[in-house]
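Worksheet for the structure shown next.
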Amino acid sequence: MTTNYTKWDKNYSETALPHVRFGMGWKKEIPYIYGRIQVQFKTLDIMANEGVNADSTYDSSGISVVRPITKHFSKDPVYFLYNGTFGLEYTVMNTLSLRFGLPVGGSYDVSSDVSRFAFGCGLNLMHKKLSIDFSYLTHELAGTYQIGISYRWKSYSGQ
């Protein structure tokens, strides 16, 4: 669970609702290729209607029309469980990770779903103390790059 706080100026600020998602995953070590494969699924954000704000439909003349919608977990929990994102990650020798993500389900136009995907990579250095991550997310308007650098002060012994 995380939240965002934005301070626009000394008189105006905003606090967003926390993000709450459900997820599950599967991981398999594959020694003969020196790595592991992970498959993950996470639901939409059940607090903030993440990614579910428009629906493509067709009017009586067959023209595609986008209309705003609002989905709430309390009223339609099944919708949030069947829609979300799938992710695939391949990690080599606990050092280099290659990632790919794809949205599934939803009431989006199929052509826009196909064009929305994400890919990236991560690099663990200094016995996992220093991590560098890069990702690229596609969108109908323009792609987005994300870069993250993290440092752990204490040693991390988990996988």
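A note on labels: chains of the structure tokens are A, B, ... as shown, every chain counts residues from 1, and ligands are counted from 1 in their shown order.
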- Name the residues of stretch 5-153 of chain A that come out as alpha helix (DSSP H) in a backbone DSSP run; write them as a list in words.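 Matching residues, listed in order: Pro77, Val78, Tyr79, Phe80, Leu81, Tyr82, Val110, Ser111, Ser112, Asp113 and Val114 of chain A.
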- List the neighbours of A:Ile30 out to 12 Å using only C-alpha atoms; skip same-chain residues closer than 5 positions along the sequence, and give me the result as a list in words.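 The contact residues come out as Gly35, Arg36, Ile37, Gln38, Tyr90, Thr91, Val92, Met93 and Asn94 of chain A.
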- Query: So how far away is atom CA of A:Gly143 from atom CA of A:Ile63, in Å?
  - Reply: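 These two atoms are separated by 26.9 Å.
Each of A:Val39, A:Leu123, A:Phe22, A:Ile33 was compared to A:Gly84 using only C-alpha atoms, and A:Phe22 turns out to be the nearest.
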- Task: Take atom CA of A:Lys129 and atom CA of A:Tyr5 and report the distance between them in Å, one decimal.
- Result: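 Separation between atom CA of A:Lys129 and atom CA of A:Tyr5: 27.7 Å.
What separates atom CA of A:Phe86 from atom CA of A:Lys42 is a distance of 6.8 Å.
Nearest-residue note for A:Tyr79: choosing from A:Leu141, A:Val20, A:Val104, A:Met126, the minimum distance belongs to A:Val104, counting only C-alpha atoms.
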- Go through A:Leu125, A:Ala118, A:Met24, A:Ile46 one by one, measure the shortest atom-to-atom distance of each to A:Thr144 using only C-alpha atoms, and give the residue with the smallest value. A:Ala118
- Nearest to A:Gly120 among A:Ser97, A:Leu102, A:Asp76, A:Glu140, with distances taken over only C-alpha atoms: which residue is it?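 Residue with the minimum atom-to-atom distance to A:Gly120: A:Ser97.
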- Item | DSSP strand (DSSP E or B) selection over stretch 10-151 of chain A, as a VMD selection string | chain A and resid 12 to 15 19 23 to 30 35 to 43 54 to 58 64 to 68 84 to 92 96 to 104 118 to 125 130 to 137 144 to 151
